[in-house]
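Novice: Okay, so here is upload-v1.txt, and as you'll see once you scroll down, it has compact mmCIF, C-alpha atoms.
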```txt
# COMPACT_ATOMS: atom_id res chain seq x y z
CA MET A 181 -10.59 10.05 -44.30
CA ALA A 182 -10.69 6.93 -42.11
CA ARG A 183 -14.19 6.02 -41.06
CA ARG A 184 -13.38 6.12 -37.33
CA ALA A 185 -11.95 9.64 -37.72
CA TRP A 186 -15.04 10.65 -39.66
CA ASP A 187 -17.25 9.38 -36.83
CA GLY A 188 -15.21 11.37 -34.32
CA ILE A 189 -15.87 14.57 -36.26
CA LEU A 190 -19.48 13.59 -36.85
CA MET A 191 -20.15 13.04 -33.17
CA GLY A 192 -18.71 16.49 -32.49
CA GLU A 193 -20.91 18.16 -35.11
CA ILE A 194 -24.18 16.30 -34.63
CA ARG A 195 -25.76 17.12 -31.30
CA PRO A 196 -28.76 15.35 -29.82
CA LEU A 197 -31.98 16.97 -31.01
CA LEU A 198 -34.08 14.77 -28.78
CA SER A 199 -33.52 14.29 -25.07
CA ALA A 200 -35.15 11.64 -22.92
CA ASP A 201 -37.20 14.41 -21.30
CA ASP A 202 -38.44 15.56 -24.71
CA ILE A 203 -39.61 12.04 -25.47
CA LEU A 204 -41.25 11.53 -22.07
CA ALA A 205 -43.12 14.82 -22.49
CA HIS A 206 -44.46 13.93 -25.95
CA PRO A 207 -48.26 13.62 -25.89
CA ARG A 208 -48.08 10.29 -27.72
CA PHE A 209 -45.41 8.74 -25.48
CA GLY A 210 -47.99 6.38 -23.97
CA LEU A 211 -48.78 5.08 -27.46
CA ALA A 212 -45.06 4.67 -28.21
CA ARG A 213 -44.61 2.71 -24.98
CA GLU A 214 -47.51 0.41 -25.84
CA MET A 215 -45.99 -0.24 -29.27
CA TYR A 216 -42.56 -1.03 -27.80
CA VAL A 217 -44.04 -3.40 -25.22
CA ARG A 218 -46.26 -5.17 -27.75
CA GLU A 219 -43.55 -5.63 -30.39
CA LEU A 220 -40.89 -6.74 -27.91
CA LEU A 221 -43.28 -9.34 -26.52
CA GLU A 222 -44.14 -10.49 -30.05
CA MET A 223 -40.42 -11.14 -30.61
CA HIS A 224 -39.87 -13.19 -27.49
CA GLU A 225 -43.04 -14.69 -26.07
CA ASN A 226 -43.66 -18.42 -26.48
CA GLN A 227 -40.13 -19.13 -27.72
CA PRO A 228 -38.64 -20.61 -24.54
CA ALA A 229 -35.70 -22.41 -26.17
CA GLU A 230 -34.49 -19.28 -27.97
CA ASN A 231 -35.20 -17.08 -24.96
CA ARG A 232 -33.12 -19.21 -22.63
CA LEU A 233 -30.23 -18.46 -24.96
CA LEU A 234 -30.75 -14.82 -25.90
CA ILE A 235 -32.57 -12.66 -23.39
CA ASP A 236 -30.48 -12.52 -20.24
CA GLY A 237 -28.44 -9.34 -19.97
CA GLY A 238 -24.99 -10.86 -20.50
CA THR A 239 -25.93 -12.93 -23.54
CA ALA A 240 -27.86 -10.08 -25.14
CA THR A 241 -24.85 -7.77 -24.78
CA ILE A 242 -22.46 -10.36 -26.23
CA PHE A 243 -24.93 -10.99 -29.08
CA MET A 244 -24.98 -7.27 -29.84
CA SER A 245 -21.24 -6.85 -29.44
CA VAL A 246 -20.43 -9.51 -32.04
CA ILE A 247 -22.61 -7.65 -34.55
CA ILE A 248 -20.96 -4.33 -33.67
CA MET A 249 -17.47 -5.82 -33.88
CA ASP A 250 -18.21 -7.28 -37.30
CA ALA A 251 -19.60 -3.95 -38.55
CA GLY A 252 -16.45 -2.18 -37.34
CA HIS A 253 -14.06 -4.78 -38.75
CA ARG A 254 -11.36 -3.21 -40.94
CA PRO A 255 -9.07 -5.94 -42.39
CA GLU A 256 -6.19 -3.49 -42.66
CA ASP A 257 -6.48 -2.58 -38.94
CA ARG A 258 -5.66 -5.58 -36.77
CA ALA A 259 -7.01 -3.80 -33.66
CA THR A 260 -10.52 -4.05 -35.13
CA TRP A 261 -10.42 -7.76 -35.86
CA PRO A 262 -13.45 -9.39 -34.17
CA THR A 263 -11.56 -11.96 -32.12
CA MET A 264 -12.66 -13.81 -28.99
CA GLN A 265 -9.91 -12.01 -27.10
CA LEU A 266 -11.25 -8.59 -28.11
CA LEU A 267 -14.79 -9.60 -27.13
CA LYS A 268 -13.65 -10.94 -23.75
CA GLY A 269 -11.79 -7.72 -23.07
CA GLN A 270 -14.85 -5.61 -23.84
CA MET A 271 -17.12 -7.71 -21.62
CA GLU A 272 -14.69 -7.64 -18.71
CA THR A 273 -14.06 -3.89 -19.07
CA HIS A 274 -17.78 -3.12 -18.88
CA GLY A 275 -18.41 -5.66 -16.13
CA ILE A 276 -20.79 -7.68 -18.30
CA ALA A 277 -19.24 -11.13 -18.09
CA SER A 278 -16.00 -12.88 -17.25
CA GLY A 279 -13.77 -14.16 -20.03
CA ARG A 280 -14.83 -17.73 -19.32
CA ARG A 281 -18.54 -16.91 -19.37
CA THR A 282 -18.08 -14.93 -22.59
CA HIS A 283 -16.38 -17.94 -24.20
CA ASP A 284 -19.20 -20.27 -23.08
CA ILE A 285 -21.93 -17.95 -24.39
CA VAL A 286 -20.19 -17.55 -27.76
CA ARG A 287 -19.83 -21.32 -28.04
CA ARG A 288 -23.61 -21.73 -27.50
CA LEU A 289 -24.32 -19.05 -30.09
CA VAL A 290 -22.04 -20.83 -32.55
CA ASP A 291 -23.72 -24.18 -31.85
CA THR A 292 -27.18 -22.69 -32.46
CA GLY A 293 -26.25 -20.96 -35.72
CA TYR A 294 -26.15 -17.33 -34.60
CA ILE A 295 -22.37 -16.88 -34.87
CA SER A 296 -19.81 -18.31 -37.29
CA ALA A 297 -16.09 -18.62 -36.57
CA TYR A 298 -13.56 -18.45 -39.41
CA ARG A 299 -9.84 -18.04 -40.00
CA ALA A 300 -8.56 -14.54 -40.73
CA PRO A 301 -7.50 -14.41 -44.41
CA ASP A 302 -4.39 -12.40 -43.52
CA ASP A 303 -3.36 -14.61 -40.59
CA ARG A 304 -4.62 -18.17 -40.57
CA ARG A 305 -3.60 -18.54 -36.93
CA VAL A 306 -6.35 -16.11 -35.84
CA THR A 307 -10.02 -17.05 -35.52
CA LEU A 308 -12.56 -14.29 -36.15
CA LEU A 309 -16.21 -14.14 -35.15
CA ALA A 310 -19.04 -13.05 -37.42
CA PRO A 311 -22.84 -12.90 -37.13
CA SER A 312 -24.77 -15.35 -39.29
CA ASP A 313 -27.71 -14.34 -41.50
CA LYS A 314 -29.95 -15.75 -38.76
CA MET A 315 -28.39 -13.39 -36.23
CA LEU A 316 -28.56 -10.35 -38.52
CA THR A 317 -32.22 -10.98 -39.34
CA HIS A 318 -33.01 -11.21 -35.64
CA ASP A 319 -31.09 -8.01 -34.91
CA ARG A 320 -32.80 -6.01 -37.68
CA ARG A 321 -36.12 -6.99 -36.18
CA ALA A 322 -34.88 -5.97 -32.72
CA LEU A 323 -33.67 -2.62 -34.06
CA ARG A 324 -37.13 -1.98 -35.49
CA VAL A 325 -38.64 -2.47 -32.02
CA TYR A 326 -36.80 0.66 -30.85
CA TYR A 327 -37.25 2.75 -33.99
CA HIS A 328 -40.92 2.06 -34.62
CA PRO A 329 -42.02 4.00 -31.49
CA LEU A 330 -39.83 6.92 -32.62
CA HIS A 331 -41.45 6.69 -36.05
CA VAL A 332 -44.86 7.02 -34.38
CA LEU A 333 -43.80 10.07 -32.34
CA PHE A 334 -41.99 11.83 -35.19
CA PRO A 335 -43.41 10.52 -38.48
CA ASP A 336 -42.12 13.40 -40.62
CA PRO A 337 -39.61 12.46 -41.96
CA GLY A 338 -39.67 9.43 -39.68
CA TYR A 339 -37.20 6.56 -39.52
CA PRO A 340 -38.01 4.52 -42.64
CA GLU A 341 -34.72 2.61 -42.97
CA PRO A 342 -34.76 0.74 -39.63
CA VAL A 343 -38.54 0.38 -39.71
CA ASN A 344 -38.21 -1.36 -43.08
CA HIS A 345 -35.18 -3.49 -42.07
CA ASP A 346 -32.77 -1.74 -44.46
CA PRO A 347 -29.53 -3.82 -44.35
CA VAL A 348 -27.20 -0.93 -45.26
CA PHE A 349 -28.56 1.27 -42.50
CA HIS A 350 -28.38 -1.66 -40.09
CA TRP A 351 -24.69 -2.26 -40.81
CA ILE A 352 -23.75 1.41 -40.46
CA ALA A 353 -25.86 1.93 -37.33
CA ARG A 354 -24.30 -1.06 -35.60
CA ASP A 355 -20.82 0.20 -36.49
CA ILE A 356 -21.68 3.54 -34.87
CA CYS A 357 -23.12 1.79 -31.81
CA ALA A 358 -19.62 0.85 -30.64
CA ALA A 359 -19.09 4.44 -29.48
CA PHE A 360 -22.27 4.33 -27.39
CA LEU A 361 -21.72 1.17 -25.33
CA ALA A 362 -20.19 2.99 -22.35
CA HIS A 363 -22.93 5.64 -22.44
CA ALA A 364 -25.63 2.98 -22.48
CA GLN A 365 -24.04 1.27 -19.50
CA GLN A 366 -24.06 4.58 -17.63
CA PHE A 367 -27.76 5.29 -18.03
CA ILE A 368 -28.61 1.68 -17.21
CA LEU A 369 -26.64 1.81 -13.97
CA ALA A 370 -28.19 5.19 -13.12
CA ASN A 371 -31.69 3.66 -13.40
CA PRO A 372 -32.33 1.49 -10.29
CA VAL A 373 -35.26 -0.34 -11.88
CA ILE A 374 -33.40 -1.37 -15.03
CA ALA A 375 -30.14 -2.00 -13.16
CA PHE A 376 -32.10 -4.53 -11.08
CA PHE A 377 -34.07 -6.32 -13.81
CA LEU A 378 -31.74 -6.26 -16.83
CA PRO A 379 -28.85 -8.45 -15.57
CA ARG A 380 -31.20 -11.19 -14.33
CA GLN A 381 -32.26 -14.10 -16.50
CA ALA A 382 -35.29 -12.95 -18.54
CA GLY A 383 -35.46 -9.96 -16.20
CA HIS A 384 -36.21 -7.33 -18.81
CA MET A 385 -38.81 -9.50 -20.50
CA ILE A 386 -40.54 -10.21 -17.19
CA LEU A 387 -40.59 -6.48 -16.48
CA THR A 388 -41.94 -5.79 -19.98
CA LYS A 389 -44.68 -8.39 -19.51
CA LEU A 390 -45.63 -6.83 -16.18
CA MET A 391 -45.84 -3.41 -17.83
CA HIS A 392 -48.27 -4.95 -20.30
CA LEU A 393 -50.38 -6.87 -17.79
CA CYS A 394 -50.48 -4.11 -15.19
CA ALA A 395 -50.95 -1.20 -17.59
CA HIS A 396 -54.40 -0.34 -16.26
CA GLN A 397 -54.09 -1.47 -12.66
CA ASP A 398 -55.12 0.94 -9.91
CA ASP A 399 -52.05 1.69 -7.79
CA GLN A 400 -54.26 1.91 -4.71
CA ALA A 401 -56.09 -1.39 -5.28
CA PRO A 402 -54.77 -4.80 -4.24
CA PRO A 403 -52.63 -6.53 -6.91
CA GLN A 404 -54.81 -8.62 -9.21
CA VAL A 405 -52.48 -9.91 -11.96
CA SER A 406 -51.22 -13.47 -11.45
CA PHE A 407 -47.51 -13.96 -12.01
CA LEU A 408 -47.61 -17.77 -11.96
CA LYS A 409 -47.38 -18.29 -15.73
CA ILE A 410 -45.25 -15.29 -16.70
CA GLY A 411 -42.04 -17.29 -16.84
CA ASP A 412 -43.51 -20.05 -19.01
CA SER A 413 -43.35 -17.88 -22.13
CA PHE A 414 -39.71 -16.94 -21.59
CA GLY A 415 -38.21 -20.29 -20.67
CA VAL A 416 -37.68 -19.63 -16.96
CA SER A 417 -39.17 -21.41 -13.98
CA ARG A 418 -41.98 -20.15 -11.78
CA THR A 419 -39.61 -20.35 -8.84
CA HIS A 420 -37.21 -18.00 -10.64
CA VAL A 421 -40.03 -15.51 -11.31
CA ARG A 422 -41.25 -15.68 -7.71
CA LYS A 423 -37.78 -15.07 -6.28
CA LEU A 424 -37.13 -12.23 -8.72
CA LEU A 425 -40.40 -10.53 -7.83
CA GLN A 426 -39.85 -11.01 -4.10
CA ALA A 427 -36.49 -9.26 -4.44
CA ALA A 428 -38.11 -6.53 -6.55
CA ALA A 429 -40.81 -6.06 -3.90
CA GLU A 430 -38.16 -5.52 -1.23
CA LEU A 431 -36.82 -2.65 -3.34
CA GLY A 432 -40.27 -1.14 -3.85
CA PHE A 433 -40.54 -1.94 -7.56
CA VAL A 434 -43.57 -4.25 -7.34
CA ARG A 435 -46.36 -5.03 -4.87
CA LEU A 436 -47.20 -8.65 -4.12
CA SER A 437 -50.28 -10.26 -2.64
CA GLY A 438 -50.17 -14.05 -2.67
CA ASN A 439 -49.58 -15.00 -6.31
CA SER A 440 -50.63 -11.59 -7.64
CA VAL A 441 -48.47 -8.63 -8.57
CA ASP A 442 -48.63 -4.99 -9.53
CA VAL A 443 -45.84 -2.61 -10.55
CA THR A 444 -45.32 0.51 -8.47
CA PRO A 445 -45.21 4.08 -9.80
CA GLU A 446 -41.43 4.02 -9.23
CA CYS A 447 -41.13 0.96 -11.44
CA ARG A 448 -43.30 2.48 -14.18
CA ALA A 449 -41.19 5.64 -14.11
CA GLY A 450 -37.95 3.64 -14.32
CA PHE A 451 -39.23 1.65 -17.30
CA ASP A 452 -40.34 4.83 -19.08
CA ARG A 453 -37.03 6.54 -18.41
CA PHE A 454 -35.10 3.58 -19.83
CA LEU A 455 -37.25 3.55 -22.95
CA ALA A 456 -36.87 7.31 -23.42
CA ASP A 457 -33.09 7.17 -22.87
CA THR A 458 -32.81 4.36 -25.41
CA MET A 459 -35.00 6.12 -27.97
CA ALA A 460 -33.01 9.35 -27.64
CA GLY A 461 -29.80 7.41 -28.25
CA HIS A 462 -31.26 5.68 -31.28
CA ASP A 463 -32.36 9.03 -32.72
CA LEU A 464 -28.79 10.30 -32.52
CA ILE A 465 -27.43 7.10 -34.06
CA TYR A 466 -29.99 7.41 -36.85
CA ARG A 467 -28.87 10.90 -37.80
CA MET A 468 -25.20 9.90 -37.64
CA ALA A 469 -25.89 6.89 -39.87
CA LYS A 470 -27.85 9.01 -42.34
CA ALA A 471 -24.98 11.50 -42.50
CA ARG A 472 -22.57 8.68 -43.31
CA MET A 473 -24.95 7.26 -45.92
CA ALA A 474 -25.45 10.63 -47.64
CA PRO A 475 -22.19 10.66 -49.68
CA ALA A 476 -22.93 7.21 -51.08
CA GLU A 477 -26.51 8.21 -51.89
CA ASP A 478 -25.29 11.40 -53.62
CA ALA A 479 -22.73 9.44 -55.63
CA ALA A 480 -25.40 6.98 -56.74
CA ALA A 481 -27.72 9.80 -57.75
CA ALA A 482 -25.07 11.68 -59.77
CA PRO A 483 -25.03 9.33 -62.82
CA MET A 484 -28.82 9.45 -62.96
CA ALA A 485 -28.75 13.25 -62.90
CA SER A 486 -26.26 13.24 -65.79
CA VAL A 487 -28.50 10.97 -67.82
CA GLY A 488 -31.46 13.26 -67.16
CA ALA A 489 -29.48 16.31 -68.25
CA ALA A 490 -28.46 14.60 -71.46
```
Go through the file and emit its structure as structure tokens.
Specialist:
Amino acid sequence: MARRAWDGILMGEIRPLLSADDILAHPRFGLAREMYVRELLEMHENQPAENRLLIDGGTATIFMSVIIMDAGHRPEDRATWPTMQLLKGQMETHGIASGRRTHDIVRRLVDTGYISAYRAPDDRRVTLLAPSDKMLTHDRRALRVYYHPLHVLFPDPGYPEPVNHDPVFHWIARDICAAFLAHAQQFILANPVIAFFLPRQAGHMILTKLMHLCAHQDDQAPPQVSFLKIGDSFGVSRTHVRKLLQAAAELGFVRLSGNSVDVTPECRAGFDRFLADTMAGHDLIYRMAKARMAPAEDAAAAPMASVGAA
């Protein structure tokens, strides 16, 4: 059976066991949030050159899409070939970036060693895109950031493959992710806080840093956390951070007092909802990936069982 057909059946048979509400209601959700915030900051803080390239919403989506396209590449099916034209079409369809901006971002990712471009073996006129080892290593680490909090909430049996950077699981999970792009876009757009921060340069990282710095602030007290140096770690200017936070304050997501900031309860709730939505989606992807891996694992175990019986 073709793998895409198998996934269609699999998605019909495997239903979400975890909802975002289940995750939000878990007594250890606060611990999971702290872990997500800490590990995401560890990935991106104090790397301004890399951050200027990778962490705005459009670039991050293109980065991810190249990995997903490569995982779903079937040489016998020309429609799956990871071409620039296919990537541009996806970005324009989802309203992520124009074709020209997509081309410019891919060129920067090629120049910095995250993407390689090569001629299709079956048609030398066509150029295909592929993630480099550097890109795949980065993405496995990013995937762990989302699965480690789930592993803390539900340790039995847990999520050992993504937590331990398993390359086979990573490849299969990213192939499955293609079916979830539209769903992810829907819950992002339905979340006013994330819909505001995510598309802006370093927006999600600035929000994540604020969630860390303001974790124990009293919502009734004047803001006490300075935002002056927040952008320094992510490669964006202080002016950019100030303007972003001023716009966020007008929407009721943060409170400002001079150079100090606090996040509002609405902002905290939006961040938590985004994290819970994302974790619920990753749980479903995990179980789909494990179901696809099971036949291969059984086939590998069969010769060993025969040897034991002998």
Novice: From the set A:Met223, A:Ile242, A:Leu211, A:Met473, which residue has the shortest atom-to-atom contact distance to A:Arg287, counting all atoms listed in the file?
Specialist: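 Checking each of A:Met223, A:Ile242, A:Leu211, A:Met473 against A:Arg287, counting all atoms listed in the file, the winner is A:Ile242.
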Novice: Find the spatial neighbours of A:Phe360, counting only C-alpha atoms, within a cut-off of 12 Å - ignore same-chain residues fewer than 2 positions away - and output them as a PyMOL selection string.
Specialist: chain A and resi 187+191+245+248+353-358+362-367+458+460-462+464-465
Novice: Give me the residues near A:Val434 as a list in words, where near means some atom within 8 Å (using all atoms listed in the file) and where sequence neighbours in that chain fewer than 5 positions away do not count.
Specialist: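 Everything that qualifies: Leu425, Ala428, Ala429, Val441, Asp442, Val443, Thr444 and Cys447 of chain A.
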Novice: Dump as a Markdown table the rows for residues of stretch 412-446 of chain A within 10 Å of stretch 388-408 of chain A: closest atom pair and distance in Å with one decimal, all atoms listed in the file counted, ordered by chain and rising residue number.
Specialist:
```
| residue | atom | partner | partner_atom | distance |
| --- | --- | --- | --- | --- |
| A:Asp412 | CA | A:Leu408 | CA | 8.5 |
| A:Ser413 | CA | A:Lys389 | CA | 9.9 |
| A:Ser417 | CA | A:Leu408 | CA | 9.4 |
| A:Arg418 | CA | A:Leu408 | CA | 6.1 |
| A:Thr419 | CA | A:Leu408 | CA | 9.0 |
| A:Val421 | CA | A:Phe407 | CA | 7.7 |
| A:Arg422 | CA | A:Phe407 | CA | 7.8 |
| A:Leu425 | CA | A:Phe407 | CA | 8.9 |
| A:Val434 | CA | A:Pro403 | CA | 9.4 |
| A:Arg435 | CA | A:Pro403 | CA | 6.8 |
| A:Leu436 | CA | A:Pro403 | CA | 6.5 |
| A:Ser437 | CA | A:Pro403 | CA | 6.1 |
| A:Gly438 | CA | A:Ser406 | CA | 8.9 |
| A:Asn439 | CA | A:Ser406 | CA | 5.6 |
| A:Ser440 | CA | A:Ser406 | CA | 4.3 |
| A:Val441 | CA | A:Pro403 | CA | 4.9 |
| A:Asp442 | CA | A:Pro403 | CA | 5.0 |
| A:Val443 | CA | A:Cys394 | CA | 6.7 |
| A:Thr444 | CA | A:Asp399 | CA | 6.9 |
| A:Pro445 | CA | A:Asp399 | CA | 7.5 |
```
Novice: What is the atom CA of A:Tyr298 to atom CA of A:Phe349 distance in Å?
Specialist: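 Computed distance, atom CA of A:Tyr298 to atom CA of A:Phe349, equals 25.0 Å.
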Novice: To one decimal place, how far is atom CA of A:Arg280 from atom CA of A:Arg258 in Å?
Specialist: 23.2 Å
Novice: Measuring between all atoms listed in the file, which one of A:Leu289, A:Ile410, A:Val217, A:Met385 shows the shortest distance to A:Thr239?
Specialist: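 Closest to A:Thr239, using all atoms listed in the file: A:Leu289.
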Novice: Quick one: of A:Met264, A:Leu197, A:Leu323, A:Met271, who's nearest to A:Pro347, counting only C-alpha atoms?
Specialist: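 Nearest to A:Pro347: A:Leu323.
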Novice: Which is closer to A:Leu333 than all the others in A:Arg208, A:Arg213, A:Arg467, A:Lys314, using all atoms listed in the file?
Specialist: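 Nearest to A:Leu333: A:Arg208.
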Novice: Could you check how far atom CA of A:His224 sits from atom CA of A:Thr282, in Å to one decimal?
Specialist: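 For atom CA of A:His224 relative to atom CA of A:Thr282, the distance reads 22.4 Å.
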Novice: With only C-alpha atoms as the basis for distance, which of A:Phe454, A:Tyr466, A:Phe433, A:Tyr216 is at the shortest distance from A:Ala200?
Specialist: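 The closest residue to A:Ala200 is A:Phe454.
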Novice: Here is a test: counting only C-alpha atoms, which residue of A:Ala322, A:Ala370, A:Val246, A:Ala205 is nearest to A:Val290?
Specialist: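 Residue with the minimum atom-to-atom distance to A:Val290: A:Val246.
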Novice: Using all atoms listed in the file, determine which residues lie at most 12 Å from A:Glu341, disregarding the query and same-chain residues fewer than 2 positions distant; provide the list as a PyMOL selection string.
Specialist: chain A and resi 320-321+323-324+327-328+331+337-339+343-353+466-467+469-470+473
Novice: Could you put an axis-aligned box around every listed atom of stretch 405-411 of chain A, padded by 3 Å on each side, and send me its centre and edge lengths in Å to one decimal, as lines of an AutoDock Vina configuration file?
Specialist:
```
center_x = -47.3
center_y = -14.1
center_z = -14.1
size_x = 16.4
size_y = 14.4
size_z = 11.4
```
Novice: Taking the block above, write stretch 324-343 of chain A with N, CA, C and O atoms as a PDB file, in the first residue's frame.
Specialist:
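Output below, filename part-v5.pdb:
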```pdb
ATOM      1  N   ARG A 324      12.580  17.928  20.012  1.00  0.00           N
ATOM      2  CA  ARG A 324      12.692  17.526  21.412  1.00  0.00           C
ATOM      3  C   ARG A 324      12.098  18.575  22.347  1.00  0.00           C
ATOM      4  O   ARG A 324      11.524  18.243  23.392  1.00  0.00           O
ATOM      5  N   VAL A 325      12.209  19.851  21.985  1.00  0.00           N
ATOM      6  CA  VAL A 325      11.671  20.919  22.819  1.00  0.00           C
ATOM      7  C   VAL A 325      10.175  20.735  23.038  1.00  0.00           C
ATOM      8  O   VAL A 325       9.653  21.037  24.115  1.00  0.00           O
ATOM      9  N   TYR A 326       9.469  20.219  22.025  1.00  0.00           N
ATOM     10  CA  TYR A 326       8.024  20.019  22.159  1.00  0.00           C
ATOM     11  C   TYR A 326       7.672  18.678  22.785  1.00  0.00           C
ATOM     12  O   TYR A 326       6.633  18.552  23.440  1.00  0.00           O
ATOM     13  N   TYR A 327       8.506  17.668  22.589  1.00  0.00           N
ATOM     14  CA  TYR A 327       8.189  16.354  23.151  1.00  0.00           C
ATOM     15  C   TYR A 327       8.658  16.183  24.589  1.00  0.00           C
ATOM     16  O   TYR A 327       8.079  15.397  25.338  1.00  0.00           O
ATOM     17  N   HIS A 328       9.688  16.882  24.989  1.00  0.00           N
ATOM     18  CA  HIS A 328      10.169  16.717  26.358  1.00  0.00           C
ATOM     19  C   HIS A 328       9.111  17.101  27.393  1.00  0.00           C
ATOM     20  O   HIS A 328       8.927  16.372  28.379  1.00  0.00           O
ATOM     21  N   PRO A 329       8.373  18.218  27.209  1.00  0.00           N
ATOM     22  CA  PRO A 329       7.288  18.509  28.155  1.00  0.00           C
ATOM     23  C   PRO A 329       6.218  17.423  28.186  1.00  0.00           C
ATOM     24  O   PRO A 329       5.694  17.091  29.260  1.00  0.00           O
ATOM     25  N   LEU A 330       5.892  16.840  27.031  1.00  0.00           N
ATOM     26  CA  LEU A 330       4.941  15.724  27.014  1.00  0.00           C
ATOM     27  C   LEU A 330       5.497  14.534  27.783  1.00  0.00           C
ATOM     28  O   LEU A 330       4.765  13.837  28.506  1.00  0.00           O
ATOM     29  N   HIS A 331       6.780  14.296  27.631  1.00  0.00           N
ATOM     30  CA  HIS A 331       7.443  13.192  28.325  1.00  0.00           C
ATOM     31  C   HIS A 331       7.353  13.377  29.838  1.00  0.00           C
ATOM     32  O   HIS A 331       7.220  12.398  30.592  1.00  0.00           O
ATOM     33  N   VAL A 332       7.407  14.617  30.283  1.00  0.00           N
ATOM     34  CA  VAL A 332       7.301  14.920  31.717  1.00  0.00           C
ATOM     35  C   VAL A 332       5.876  14.693  32.206  1.00  0.00           C
ATOM     36  O   VAL A 332       5.655  14.145  33.299  1.00  0.00           O
ATOM     37  N   LEU A 333       4.893  15.080  31.397  1.00  0.00           N
ATOM     38  CA  LEU A 333       3.493  14.904  31.810  1.00  0.00           C
ATOM     39  C   LEU A 333       3.064  13.447  31.779  1.00  0.00           C
ATOM     40  O   LEU A 333       2.300  12.994  32.641  1.00  0.00           O
ATOM     41  N   PHE A 334       3.537  12.707  30.780  1.00  0.00           N
ATOM     42  CA  PHE A 334       3.084  11.330  30.572  1.00  0.00           C
ATOM     43  C   PHE A 334       4.311  10.432  30.385  1.00  0.00           C
ATOM     44  O   PHE A 334       4.587   9.960  29.271  1.00  0.00           O
ATOM     45  N   PRO A 335       5.035  10.161  31.457  1.00  0.00           N
ATOM     46  CA  PRO A 335       6.312   9.442  31.342  1.00  0.00           C
ATOM     47  C   PRO A 335       6.186   7.952  31.065  1.00  0.00           C
ATOM     48  O   PRO A 335       7.186   7.306  30.740  1.00  0.00           O
ATOM     49  N   ASP A 336       4.989   7.390  31.192  1.00  0.00           N
ATOM     50  CA  ASP A 336       4.807   5.958  30.988  1.00  0.00           C
ATOM     51  C   ASP A 336       3.775   5.734  29.879  1.00  0.00           C
ATOM     52  O   ASP A 336       2.582   5.964  30.102  1.00  0.00           O
ATOM     53  N   PRO A 337       4.162   5.358  28.677  1.00  0.00           N
ATOM     54  CA  PRO A 337       5.513   4.945  28.257  1.00  0.00           C
ATOM     55  C   PRO A 337       6.414   6.095  27.823  1.00  0.00           C
ATOM     56  O   PRO A 337       7.569   5.876  27.505  1.00  0.00           O
ATOM     57  N   GLY A 338       5.868   7.314  27.779  1.00  0.00           N
ATOM     58  CA  GLY A 338       6.697   8.451  27.411  1.00  0.00           C
ATOM     59  C   GLY A 338       6.883   8.590  25.910  1.00  0.00           C
ATOM     60  O   GLY A 338       6.197   7.956  25.101  1.00  0.00           O
ATOM     61  N   TYR A 339       7.855   9.410  25.539  1.00  0.00           N
ATOM     62  CA  TYR A 339       8.140   9.712  24.133  1.00  0.00           C
ATOM     63  C   TYR A 339       9.652   9.592  23.913  1.00  0.00           C
ATOM     64  O   TYR A 339      10.333  10.571  23.590  1.00  0.00           O
ATOM     65  N   PRO A 340      10.208   8.394  24.086  1.00  0.00           N
ATOM     66  CA  PRO A 340      11.667   8.259  24.100  1.00  0.00           C
ATOM     67  C   PRO A 340      12.345   8.589  22.772  1.00  0.00           C
ATOM     68  O   PRO A 340      13.470   9.095  22.768  1.00  0.00           O
ATOM     69  N   GLU A 341      11.698   8.291  21.647  1.00  0.00           N
ATOM     70  CA  GLU A 341      12.368   8.495  20.357  1.00  0.00           C
ATOM     71  C   GLU A 341      12.684   9.975  20.098  1.00  0.00           C
ATOM     72  O   GLU A 341      13.850  10.323  19.845  1.00  0.00           O
ATOM     73  N   PRO A 342      11.706  10.879  20.144  1.00  0.00           N
ATOM     74  CA  PRO A 342      12.062  12.286  19.911  1.00  0.00           C
ATOM     75  C   PRO A 342      12.906  12.880  21.021  1.00  0.00           C
ATOM     76  O   PRO A 342      13.757  13.743  20.756  1.00  0.00           O
ATOM     77  N   VAL A 343      12.710  12.436  22.250  1.00  0.00           N
ATOM     78  CA  VAL A 343      13.514  12.951  23.359  1.00  0.00           C
ATOM     79  C   VAL A 343      14.981  12.581  23.168  1.00  0.00           C
ATOM     80  O   VAL A 343      15.885  13.349  23.534  1.00  0.00           O
TER      81      VAL A 343
END
```
